[in-house]
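K.L.:
protein.pdb is reproduced in full below (PDB, C-alpha atoms (C1' of nucleotides)).
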```pdb
ATOM      1  CA  MET A  30    -214.490   4.471-106.728
ATOM      2  CA  THR A  31    -214.523   1.731-109.299
ATOM      3  CA  SER A  32    -211.418   0.370-110.825
ATOM      4  CA  VAL A  33    -210.871  -1.310-114.117
ATOM      5  CA  ARG A  34    -209.467  -4.747-113.665
ATOM      6  CA  VAL A  35    -206.645  -5.330-116.045
ATOM      7  CA  GLU A  36    -205.903  -8.951-116.624
ATOM      8  CA  PRO A  37    -202.268  -9.868-116.918
ATOM      9  CA  SER A  38    -201.441 -10.493-120.518
ATOM     10  CA  SER A  39    -200.763 -14.136-119.776
ATOM     11  CA  LYS A  40    -204.456 -14.557-118.979
ATOM     12  CA  VAL A  41    -205.478 -13.532-122.476
ATOM     13  CA  SER A  42    -205.462 -16.547-124.726
ATOM     14  CA  THR A  43    -202.925 -16.627-127.501
ATOM     15  CA  ALA A  44    -205.742 -17.232-129.949
ATOM     16  CA  ASP A  45    -207.516 -14.060-128.841
ATOM     17  CA  VAL A  46    -204.348 -12.033-129.249
ATOM     18  CA  ILE A  47    -203.843 -13.328-132.775
ATOM     19  CA  VAL A  48    -207.489 -12.863-133.749
ATOM     20  CA  ASP A  49    -207.503  -9.309-132.405
ATOM     21  CA  TRP A  50    -204.278  -8.532-134.249
ATOM     22  CA  TYR A  51    -205.833  -9.843-137.458
ATOM     23  CA  ALA A  52    -208.768  -7.463-137.097
ATOM     24  CA  GLY A  53    -206.404  -4.555-137.565
ATOM     25  CA  ALA A  54    -203.723  -6.037-139.796
ATOM     26  CA  ALA A  55    -205.515  -8.263-142.308
ATOM     27  CA  ARG A  56    -204.935  -7.659-145.985
ATOM     28  CA  ASN A  57    -207.994  -6.837-148.026
ATOM     29  CA  LEU A  58    -207.888  -9.852-150.332
ATOM     30  CA  PRO A  59    -210.786 -10.307-152.736
ATOM     31  CA  TRP A  60    -211.504 -13.933-151.847
ATOM     32  CA  ARG A  61    -212.026 -12.900-148.222
ATOM     33  CA  ARG A  62    -215.044 -10.762-148.977
ATOM     34  CA  PRO A  63    -218.147 -12.127-147.267
ATOM     35  CA  ASP A  64    -220.102 -12.605-150.495
ATOM     36  CA  VAL A  65    -217.494 -14.944-151.986
ATOM     37  CA  ASP A  66    -218.848 -18.472-152.223
ATOM     38  CA  ALA A  67    -217.119 -21.778-151.560
ATOM     39  CA  TRP A  68    -216.409 -22.351-155.241
ATOM     40  CA  ALA A  69    -214.515 -19.091-155.561
ATOM     41  CA  VAL A  70    -212.691 -19.940-152.339
ATOM     42  CA  LEU A  71    -211.705 -23.314-153.761
ATOM     43  CA  VAL A  72    -210.393 -21.632-156.907
ATOM     44  CA  SER A  73    -208.347 -19.221-154.807
ATOM     45  CA  GLU A  74    -206.923 -21.967-152.616
ATOM     46  CA  VAL A  75    -205.768 -24.068-155.544
ATOM     47  CA  MET A  76    -204.213 -21.055-157.227
ATOM     48  CA  LEU A  77    -202.449 -20.125-154.001
ATOM     49  CA  GLN A  78    -200.743 -23.494-153.725
ATOM     50  CA  GLN A  79    -197.086 -22.499-153.978
ATOM     51  CA  THR A  80    -197.937 -19.276-155.790
ATOM     52  CA  PRO A  81    -197.729 -15.784-154.236
ATOM     53  CA  VAL A  82    -200.870 -13.760-153.569
ATOM     54  CA  ALA A  83    -199.889 -10.909-155.868
ATOM     55  CA  ARG A  84    -199.764 -13.148-158.913
ATOM     56  CA  VAL A  85    -202.972 -14.977-158.047
ATOM     57  CA  GLU A  86    -205.219 -11.947-157.621
ATOM     58  CA  PRO A  87    -205.784 -10.921-161.257
ATOM     59  CA  VAL A  88    -206.110 -14.496-162.477
ATOM     60  CA  TRP A  89    -208.591 -15.354-159.739
ATOM     61  CA  ARG A  90    -210.715 -12.377-160.780
ATOM     62  CA  ASP A  91    -210.722 -13.571-164.375
ATOM     63  CA  TRP A  92    -211.640 -17.130-163.444
ATOM     64  CA  THR A  93    -214.442 -16.278-161.064
ATOM     65  CA  VAL A  94    -216.038 -13.970-163.616
ATOM     66  CA  ARG A  95    -215.592 -16.397-166.481
ATOM     67  CA  TRP A  96    -216.494 -19.587-164.612
ATOM     68  CA  PRO A  97    -218.680 -18.536-161.669
ATOM     69  CA  THR A  98    -219.827 -22.086-160.876
ATOM     70  CA  PRO A  99    -218.290 -25.560-160.992
ATOM     71  CA  ALA A 100    -220.586 -26.423-163.910
ATOM     72  CA  ASP A 101    -219.168 -23.513-165.894
ATOM     73  CA  LEU A 102    -215.602 -24.675-165.449
ATOM     74  CA  ALA A 103    -216.500 -28.297-166.073
ATOM     75  CA  ALA A 104    -217.829 -27.235-169.476
ATOM     76  CA  ALA A 105    -214.590 -25.508-170.466
ATOM     77  CA  THR A 106    -211.905 -27.184-172.553
ATOM     78  CA  PRO A 107    -208.441 -27.973-171.181
ATOM     79  CA  ALA A 108    -206.991 -25.484-173.657
ATOM     80  CA  GLU A 109    -209.193 -22.739-172.267
ATOM     81  CA  VAL A 110    -208.263 -23.387-168.641
ATOM     82  CA  ILE A 111    -204.562 -23.814-169.404
ATOM     83  CA  ARG A 112    -204.518 -20.466-171.195
ATOM     84  CA  ALA A 113    -206.544 -18.777-168.481
ATOM     85  CA  TRP A 114    -204.136 -20.183-165.909
ATOM     86  CA  GLY A 115    -201.488 -18.062-167.563
ATOM     87  CA  LYS A 116    -198.130 -18.187-165.847
ATOM     88  CA  LEU A 117    -199.210 -19.106-162.337
ATOM     89  CA  GLY A 118    -197.028 -22.179-162.622
ATOM     90  CA  TYR A 119    -197.719 -25.867-162.018
ATOM     91  CA  PRO A 120    -200.369 -25.909-164.753
ATOM     92  CA  ARG A 121    -201.511 -29.402-163.802
ATOM     93  CA  ARG A 122    -203.388 -27.558-161.072
ATOM     94  CA  ALA A 123    -205.564 -25.987-163.744
ATOM     95  CA  LEU A 124    -206.453 -29.369-165.188
ATOM     96  CA  ARG A 125    -207.157 -30.801-161.765
ATOM     97  CA  LEU A 126    -209.351 -27.850-160.880
ATOM     98  CA  ARG A 127    -211.393 -28.518-163.990
ATOM     99  CA  GLU A 128    -211.565 -32.204-163.052
ATOM    100  CA  ALA A 129    -212.629 -31.220-159.557
ATOM    101  CA  ALA A 130    -215.371 -29.094-161.075
ATOM    102  CA  ALA A 131    -216.579 -32.062-163.084
ATOM    103  CA  ALA A 132    -216.547 -34.260-159.974
ATOM    104  CA  ILE A 133    -218.532 -31.628-158.071
ATOM    105  CA  VAL A 134    -221.123 -31.598-160.843
ATOM    106  CA  GLU A 135    -221.309 -35.393-161.011
ATOM    107  CA  ARG A 136    -221.098 -36.322-157.365
ATOM    108  CA  HIS A 137    -222.419 -33.255-155.549
ATOM    109  CA  ASP A 138    -225.056 -31.745-157.830
ATOM    110  CA  GLY A 139    -222.755 -28.913-158.743
ATOM    111  CA  VAL A 140    -222.336 -27.715-155.164
ATOM    112  CA  VAL A 141    -218.919 -27.673-153.518
ATOM    113  CA  PRO A 142    -219.140 -30.254-150.711
ATOM    114  CA  ARG A 143    -218.884 -29.088-147.111
ATOM    115  CA  ALA A 144    -217.312 -32.169-145.566
ATOM    116  CA  VAL A 145    -213.537 -32.422-145.408
ATOM    117  CA  PRO A 146    -213.377 -36.067-146.580
ATOM    118  CA  GLU A 147    -215.495 -35.262-149.633
ATOM    119  CA  LEU A 148    -213.365 -32.217-150.377
ATOM    120  CA  GLU A 149    -210.175 -34.229-150.038
ATOM    121  CA  ALA A 150    -211.510 -36.703-152.570
ATOM    122  CA  LEU A 151    -211.515 -34.008-155.252
ATOM    123  CA  PRO A 152    -208.567 -33.903-157.685
ATOM    124  CA  GLY A 153    -205.870 -31.490-156.587
ATOM    125  CA  VAL A 154    -207.404 -31.033-153.144
ATOM    126  CA  GLY A 155    -205.266 -32.263-150.282
ATOM    127  CA  THR A 156    -205.189 -31.890-146.527
ATOM    128  CA  TYR A 157    -204.639 -28.150-146.545
ATOM    129  CA  THR A 158    -207.019 -27.140-149.303
ATOM    130  CA  ALA A 159    -209.887 -29.305-148.060
ATOM    131  CA  ARG A 160    -209.784 -27.698-144.625
ATOM    132  CA  ALA A 161    -209.290 -24.220-146.027
ATOM    133  CA  VAL A 162    -212.421 -24.550-148.171
ATOM    134  CA  ALA A 163    -214.477 -25.985-145.315
ATOM    135  CA  CYS A 164    -213.252 -23.253-143.007
ATOM    136  CA  PHE A 165    -213.158 -20.147-145.209
ATOM    137  CA  GLY A 166    -215.800 -21.186-147.728
ATOM    138  CA  TYR A 167    -218.340 -22.585-145.278
ATOM    139  CA  GLY A 168    -217.369 -21.206-141.884
ATOM    140  CA  SER A 169    -216.614 -24.622-140.466
ATOM    141  CA  PRO A 170    -214.160 -24.377-137.540
ATOM    142  CA  GLN A 171    -211.460 -26.561-139.058
ATOM    143  CA  PRO A 172    -207.826 -26.405-138.072
ATOM    144  CA  VAL A 173    -205.957 -25.301-141.176
ATOM    145  CA  VAL A 174    -202.248 -25.938-141.562
ATOM    146  CA  ASP A 175    -200.218 -24.372-144.311
ATOM    147  CA  THR A 176    -196.557 -23.440-144.450
ATOM    148  CA  ASN A 177    -197.272 -20.188-142.573
ATOM    149  CA  VAL A 178    -199.085 -21.915-139.749
ATOM    150  CA  ARG A 179    -196.392 -24.555-139.416
ATOM    151  CA  ARG A 180    -193.758 -21.844-139.092
ATOM    152  CA  VAL A 181    -195.786 -19.910-136.500
ATOM    153  CA  VAL A 182    -196.354 -23.053-134.433
ATOM    154  CA  ALA A 183    -192.712 -24.071-134.744
ATOM    155  CA  ARG A 184    -191.620 -20.775-133.231
ATOM    156  CA  LEU A 185    -194.460 -19.818-130.921
ATOM    157  CA  VAL A 186    -195.083 -23.268-129.441
ATOM    158  CA  HIS A 187    -191.996 -25.350-130.033
ATOM    159  CA  GLY A 188    -189.296 -22.693-129.894
ATOM    160  CA  GLN A 189    -187.808 -23.781-133.185
ATOM    161  CA  ALA A 190    -186.551 -21.324-135.783
ATOM    162  CA  GLU A 191    -188.030 -23.271-138.680
ATOM    163  CA  ALA A 192    -190.789 -25.742-139.198
ATOM    164  CA  GLY A 193    -189.762 -29.229-140.161
ATOM    165  CA  ASN A 194    -191.574 -31.214-142.781
ATOM    166  CA  ALA A 195    -195.340 -31.398-142.551
ATOM    167  CA  ARG A 196    -196.411 -33.800-139.818
ATOM    168  CA  THR A 197    -199.675 -35.354-138.788
ATOM    169  CA  ALA A 198    -199.254 -33.689-135.397
ATOM    170  CA  ASP A 199    -199.417 -30.244-137.005
ATOM    171  CA  LEU A 200    -203.204 -30.372-137.045
ATOM    172  CA  ALA A 201    -203.332 -31.240-133.358
ATOM    173  CA  ASP A 202    -200.820 -28.511-132.526
ATOM    174  CA  ILE A 203    -202.933 -25.777-134.021
ATOM    175  CA  ALA A 204    -206.208 -27.307-132.868
ATOM    176  CA  ALA A 205    -204.900 -27.100-129.292
ATOM    177  CA  LEU A 206    -204.551 -23.323-129.641
ATOM    178  CA  ALA A 207    -207.873 -22.728-131.383
ATOM    179  CA  PRO A 208    -210.647 -20.968-129.468
ATOM    180  CA  PRO A 209    -213.818 -22.948-128.693
ATOM    181  CA  GLU A 210    -216.332 -20.667-130.409
ATOM    182  CA  PRO A 211    -216.771 -21.784-134.047
ATOM    183  CA  GLU A 212    -216.788 -18.282-135.500
ATOM    184  CA  ARG A 213    -213.656 -17.300-133.619
ATOM    185  CA  ALA A 214    -211.999 -20.565-134.571
ATOM    186  CA  VAL A 215    -212.496 -19.677-138.226
ATOM    187  CA  ARG A 216    -210.989 -16.234-137.624
ATOM    188  CA  PHE A 217    -208.135 -17.840-135.756
ATOM    189  CA  SER A 218    -207.306 -20.105-138.693
ATOM    190  CA  VAL A 219    -207.071 -17.274-141.194
ATOM    191  CA  ALA A 220    -205.405 -15.015-138.638
ATOM    192  CA  THR A 221    -202.621 -17.497-137.923
ATOM    193  CA  MET A 222    -201.936 -17.871-141.619
ATOM    194  CA  GLU A 223    -201.855 -14.104-141.943
ATOM    195  CA  LEU A 224    -199.469 -13.768-139.019
ATOM    196  CA  GLY A 225    -197.098 -16.168-140.738
ATOM    197  CA  ALA A 226    -197.474 -14.385-144.051
ATOM    198  CA  LEU A 227    -196.937 -10.838-142.771
ATOM    199  CA  VAL A 228    -194.960 -11.006-139.516
ATOM    200  CA  CYS A 229    -193.629 -14.439-138.669
ATOM    201  CA  VAL A 230    -192.083 -14.760-142.113
ATOM    202  CA  ALA A 231    -189.412 -17.174-143.235
ATOM    203  CA  GLY A 232    -186.577 -14.830-144.013
ATOM    204  CA  ALA A 233    -186.358 -12.113-141.364
ATOM    205  CA  PRO A 234    -189.289 -12.307-138.934
ATOM    206  CA  ARG A 235    -190.630  -8.948-137.815
ATOM    207  CA  CYS A 236    -190.716  -9.798-134.136
ATOM    208  CA  GLY A 237    -190.839  -6.113-133.212
ATOM    209  CA  VAL A 238    -194.416  -5.876-134.434
ATOM    210  CA  CYS A 239    -195.511  -9.375-133.485
ATOM    211  CA  PRO A 240    -198.564  -9.474-131.212
ATOM    212  CA  VAL A 241    -197.358 -12.634-129.434
ATOM    213  CA  ARG A 242    -193.680 -11.805-129.085
ATOM    214  CA  ASP A 243    -194.011 -11.784-125.293
ATOM    215  CA  ARG A 244    -195.118 -15.409-125.279
ATOM    216  CA  CYS A 245    -193.188 -16.847-128.208
ATOM    217  CA  ALA A 246    -191.153 -19.873-127.143
ATOM    218  CA  TRP A 247    -188.547 -19.156-129.800
ATOM    219  CA  ARG A 248    -188.035 -15.557-128.680
ATOM    220  CA  LEU A 249    -188.026 -16.524-125.011
ATOM    221  CA  ALA A 250    -185.278 -18.988-125.858
ATOM    222  CA  GLY A 251    -183.231 -16.188-127.417
ATOM    223  CA  SER A 252    -184.204 -16.782-131.036
ATOM    224  CA  PRO A 253    -181.780 -19.680-131.540
ATOM    225  CA  ALA A 254    -180.676 -20.397-135.087
ATOM    226  CA  HIS A 255    -182.062 -23.364-136.910
ATOM    227  CA  THR A 256    -180.343 -26.607-136.064
ATOM    228  CA  GLY A 257    -180.524 -29.675-138.182
ATOM    229  CA  PRO A 258    -180.345 -30.370-141.873
ATOM    230  CA  PRO A 259    -180.769 -27.296-144.078
ATOM    231  CA  ARG A 260    -183.848 -27.427-146.242
ATOM    232  CA  ARG A 261    -182.700 -28.137-149.736
ATOM    233  CA  VAL A 262    -184.110 -25.710-152.249
ATOM    234  CA  GLN A 263    -185.108 -27.240-155.498
ATOM    235  CA  LYS A 264    -183.222 -26.376-158.637
ATOM    236  CA  PHE A 265    -185.096 -25.027-161.592
ATOM    237  CA  THR A 266    -182.606 -23.996-164.257
ATOM    238  CA  GLY A 267    -181.944 -26.897-166.563
ATOM    239  CA  THR A 268    -184.623 -29.124-165.113
ATOM    240  CA  ASP A 269    -187.500 -30.749-166.935
ATOM    241  CA  ARG A 270    -189.760 -28.239-165.235
ATOM    242  CA  GLN A 271    -188.043 -25.421-167.077
ATOM    243  CA  VAL A 272    -188.258 -27.264-170.367
ATOM    244  CA  ARG A 273    -191.910 -28.117-169.868
ATOM    245  CA  GLY A 274    -192.554 -24.500-169.075
ATOM    246  CA  ARG A 275    -190.977 -23.364-172.310
ATOM    247  CA  LEU A 276    -192.815 -25.904-174.407
ATOM    248  CA  LEU A 277    -196.129 -24.972-172.870
ATOM    249  CA  ASP A 278    -195.335 -21.302-173.295
ATOM    250  CA  VAL A 279    -195.086 -21.787-177.051
ATOM    251  CA  LEU A 280    -198.311 -23.765-177.216
ATOM    252  CA  ARG A 281    -200.236 -21.314-175.059
ATOM    253  CA  ALA A 282    -199.290 -18.512-177.408
ATOM    254  CA  ALA A 283    -199.968 -20.430-180.619
ATOM    255  CA  ALA A 284    -203.264 -19.793-182.384
ATOM    256  CA  HIS A 285    -202.884 -22.977-184.391
ATOM    257  CA  PRO A 286    -201.297 -26.414-183.910
ATOM    258  CA  VAL A 287    -197.527 -26.240-184.294
ATOM    259  CA  PRO A 288    -195.089 -28.707-185.840
ATOM    260  CA  ALA A 289    -192.425 -30.301-183.673
ATOM    261  CA  SER A 290    -189.824 -28.228-185.491
ATOM    262  CA  GLU A 291    -191.315 -25.108-183.963
ATOM    263  CA  LEU A 292    -190.695 -26.545-180.510
ATOM    264  CA  ASP A 293    -187.043 -27.301-181.239
ATOM    265  CA  ALA A 294    -186.043 -23.713-180.504
ATOM    266  CA  THR A 295    -187.258 -23.991-176.916
ATOM    267  CA  TRP A 296    -184.452 -26.283-175.766
ATOM    268  CA  ALA A 297    -181.229 -27.486-177.356
ATOM    269  CA  ASP A 298    -181.093 -30.931-175.761
ATOM    270  CA  ALA A 299    -183.321 -33.016-178.021
ATOM    271  CA  VAL A 300    -183.475 -35.965-175.645
ATOM    272  CA  GLN A 301    -184.671 -33.843-172.748
ATOM    273  CA  ARG A 302    -186.996 -31.865-174.994
ATOM    274  CA  SER A 303    -188.612 -35.011-176.267
ATOM    275  CA  ARG A 304    -188.956 -36.470-172.789
ATOM    276  CA  CYS A 305    -190.664 -33.315-171.597
ATOM    277  CA  LEU A 306    -193.035 -33.178-174.518
ATOM    278  CA  ASP A 307    -193.958 -36.792-173.804
ATOM    279  CA  SER A 308    -194.621 -36.004-170.172
ATOM    280  CA  LEU A 309    -196.828 -33.077-171.156
ATOM    281  CA  LEU A 310    -198.791 -35.389-173.436
ATOM    282  CA  THR A 311    -199.093 -37.916-170.609
ATOM    283  CA  ASP A 312    -200.263 -35.212-168.221
ATOM    284  CA  GLY A 313    -202.950 -34.058-170.632
ATOM    285  CA  LEU A 314    -201.410 -30.627-170.962
ATOM    286  CA  VAL A 315    -200.637 -31.158-174.652
ATOM    287  CA  GLU A 316    -202.187 -33.228-177.422
ATOM    288  CA  GLN A 317    -201.063 -34.268-180.884
ATOM    289  CA  THR A 318    -203.315 -33.822-183.899
ATOM    290  CA  ASP A 319    -203.863 -36.535-186.485
ATOM    291  CA  ASP A 320    -201.340 -34.867-188.758
ATOM    292  CA  GLY A 321    -198.672 -34.839-186.057
ATOM    293  CA  LEU A 322    -198.928 -31.260-184.875
ATOM    294  CA  PHE A 323    -199.012 -30.215-181.221
ATOM    295  CA  ARG A 324    -201.515 -28.053-179.389
ATOM    296  CA  LEU A 325    -203.264 -27.553-176.083
ATOM    297  CA  PRO A 326    -206.005 -30.206-175.641
ATOM    298  CA  GLN A 327    -209.269 -29.087-177.212
TER     299      GLN A 327
ATOM    300  C1'  DG B   8    -190.479 -40.203-147.496
ATOM    301  C1'  DA B   9    -188.245 -38.227-151.332
ATOM    302  C1'  DA B  10    -188.797 -36.219-155.680
ATOM    303  C1'  DA B  11    -191.334 -33.982-159.222
ATOM    304  C1'  DC B  12    -193.996 -30.254-160.472
ATOM    305  C1'  DG B  13    -193.533 -23.485-162.802
ATOM    306  C1'  DT B  14    -192.726 -18.966-162.226
ATOM    307  C1'  DG B  15    -191.029 -14.658-160.841
ATOM    308  C1'  DG B  16    -189.999 -11.410-156.950
ATOM    309  C1'  DT B  17    -186.643 -10.184-153.478
ATOM    310  C1'  DA B  18    -182.211  -9.935-150.949
TER     311       DA B  18
ATOM    312  C1'  DT C  19    -175.780 -13.604-159.726
ATOM    313  C1'  DT C  20    -177.210 -17.198-156.910
ATOM    314  C1'  DA C  21    -180.292 -18.574-153.382
ATOM    315  C1'  DC C  22    -184.400 -18.466-151.134
ATOM    316  C1'  DC C  23    -189.149 -18.546-151.108
ATOM    317  C1'  DA C  24    -194.418 -18.449-152.186
ATOM    318  C1'  DA C  25    -202.120 -20.403-148.907
ATOM    319  C1'  DG C  26    -199.338 -27.998-151.582
ATOM    320  C1'  DT C  27    -200.474 -32.269-154.033
ATOM    321  C1'  DT C  28    -199.308 -36.362-156.200
ATOM    322  C1'  DT C  29    -196.624 -40.389-157.145
TER     323       DT C  29
END
```
Could you write out this file's structure as structure tokens?

P.N.:
Amino acid sequence: MTSVRVEPSSKVSTADVIVDWYAGAARNLPWRRPDVDAWAVLVSEVMLQQTPVARVEPVWRDWTVRWPTPADLAAATPAEVIRAWGKLGYPRRALRLREAAAAIVERHDGVVPRAVPELEALPGVGTYTARAVACFGYGSPQPVVDTNVRRVVARLVHGQAEAGNARTADLADIAALAPPEPERAVRFSVATMELGALVCVAGAPRCGVCPVRDRCAWRLAGSPAHTGPPRRVQKFTGTDRQVRGRLLDVLRAAAHPVPASELDATWADAVQRSRCLDSLLTDGLVEQTDDGLFRLPQ
DNA sequence: GAAACGTGGTA
DNA sequence: TTACCAAGTTT
């Protein structure tokens, strides 16, 4: 009689376990549909920088319908993209995305480049985003390291409760786990991010449902608490970021240029208010008309 | 390498 | 209510 050979779990590669888990656990996010092109992927990746998926989804749908190609976005005004960005936060990303679109039109014939160095040369595109676009937009087997992946590697490989700051070695760490087949390597990249986003989360990891709990260095070490300096969380209340946000909020909502007096109500401290308005002007998020009124750049 | 850069949900 | 955190990049 024949017998089924069951390999010990340790013989199954960690990458295969994570990829197989992803097949059954992946969220159905719109930018993961197979017909989504590299431009729409780039838009999603920039929007997702420091902004949760739930808030990105509706805005991404609007953008990809309104500006389906880089040339379309390059032809839009800053005011249009700033308004369409809504309240995703860090609105300089919207300007940079428009600048990236213009660079794609000028330097790449309107086609999102495939090569990581060319992607990284685009405004607002750094190490993470360049690899994410190459990998998810073009199916290139790039190692992709975001905050989720760094946390998974910190625990699974290094036995640490938390990831430290981003390091150059992060790319090598995840590349060492990646499967050799290009298509599986792409799945592995998105699957590792998903594992960090859904299971190996920052606050209270759901180790009970983790597919690699039996081989996680952190778990095997008894889930030791984080040692070392606590990560400082950035303040928001009272900062220039808050003030800038309020100023821009007024200008986004205004149908016409507004006088400075209309901005006074946003923040009591006139010195800080003025500094923030200046910085918005410098950033190209606001412009002043000839008669001294303020508006989003036309 | 540290600090700046928005916003809102969750515990 | 305060604190943490969310697919980073730029200076």

K.L.:
From the set A:Val94, A:Cys245, A:Ala130, A:Val174, which residue has the shortest atom-to-atom contact distance to chain C, counting all atoms listed in the file?

P.N.:
A:Val174

K.L.:
Enumerate as a short mmCIF file (atom, residue, chain, number, x, y, z; two decimals) with C-alpha atoms, in the coordinates of the input the residues belonging to chain A that approach chain B to within 8 Å, with only C-alpha atoms (C1' of nucleotides) taken into account.

P.N.:
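Result went into result-v2.cif, see below:
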```cif
data_model
loop_
_atom_site.label_atom_id
_atom_site.label_comp_id
_atom_site.auth_asym_id
_atom_site.auth_seq_id
_atom_site.Cartn_x
_atom_site.Cartn_y
_atom_site.Cartn_z
CA LYS A 116 -198.13 -18.19 -165.85
CA LEU A 117 -199.21 -19.11 -162.34
CA GLY A 118 -197.03 -22.18 -162.62
CA TYR A 119 -197.72 -25.87 -162.02
CA PRO A 120 -200.37 -25.91 -164.75
CA ARG A 270 -189.76 -28.24 -165.24
CA GLN A 271 -188.04 -25.42 -167.08
CA GLY A 274 -192.55 -24.50 -169.08
#
```

K.L.:
Taking the file above as input, evaluate the PyMOL selection byres ((chain C) within 7 of (chain A)) and report the hits as a list in words.

P.N.:
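On this input, the PyMOL selection byres ((chain C) within 7 of (chain A)) captures DA24, DA25, DG26 and DT27 of chain C.
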
K.L.:
So the first atom is atom CA of Ala67 of chain A and the second is atom CA of Val141 of chain A; what is the distance between them in Å, to one decimal place?

P.N.:
6.5 Å

K.L.:
Find the distance between atom CA of Leu58 of chain A and atom CA of Leu224 of chain A and write it in Å to one decimal.

P.N.:
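Taking atom CA of Leu58 of chain A and atom CA of Leu224 of chain A, their separation equals 14.6 Å.
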
K.L.:
Would you compute the distance between atom CA of Asp298 of chain A and atom CA of Leu280 of chain A? Give it in Å to one decimal.

P.N.:
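Computing the Euclidean distance for atom CA of Asp298 of chain A and atom CA of Leu280 of chain A yields 18.7 Å.
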
K.L.:
Evaluate the PyMOL selection byres ((chain A and resi 60-66) around 10) against this structure - the residues, as a list of chain:residue names, please.

P.N.:
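What the PyMOL selection byres ((chain A and resi 60-66) around 10) grabs from the file is A:Ala55, A:Arg56, A:Asn57, A:Leu58, A:Pro59, A:Ala67, A:Trp68, A:Ala69, A:Val70, A:Leu71, A:Val72, A:Ser73, A:Glu74, A:Glu86, A:Trp89, A:Arg90, A:Thr93, A:Pro97, A:Thr98, A:Val141, A:Val162, A:Phe165, A:Gly166, A:Tyr167, A:Val219.
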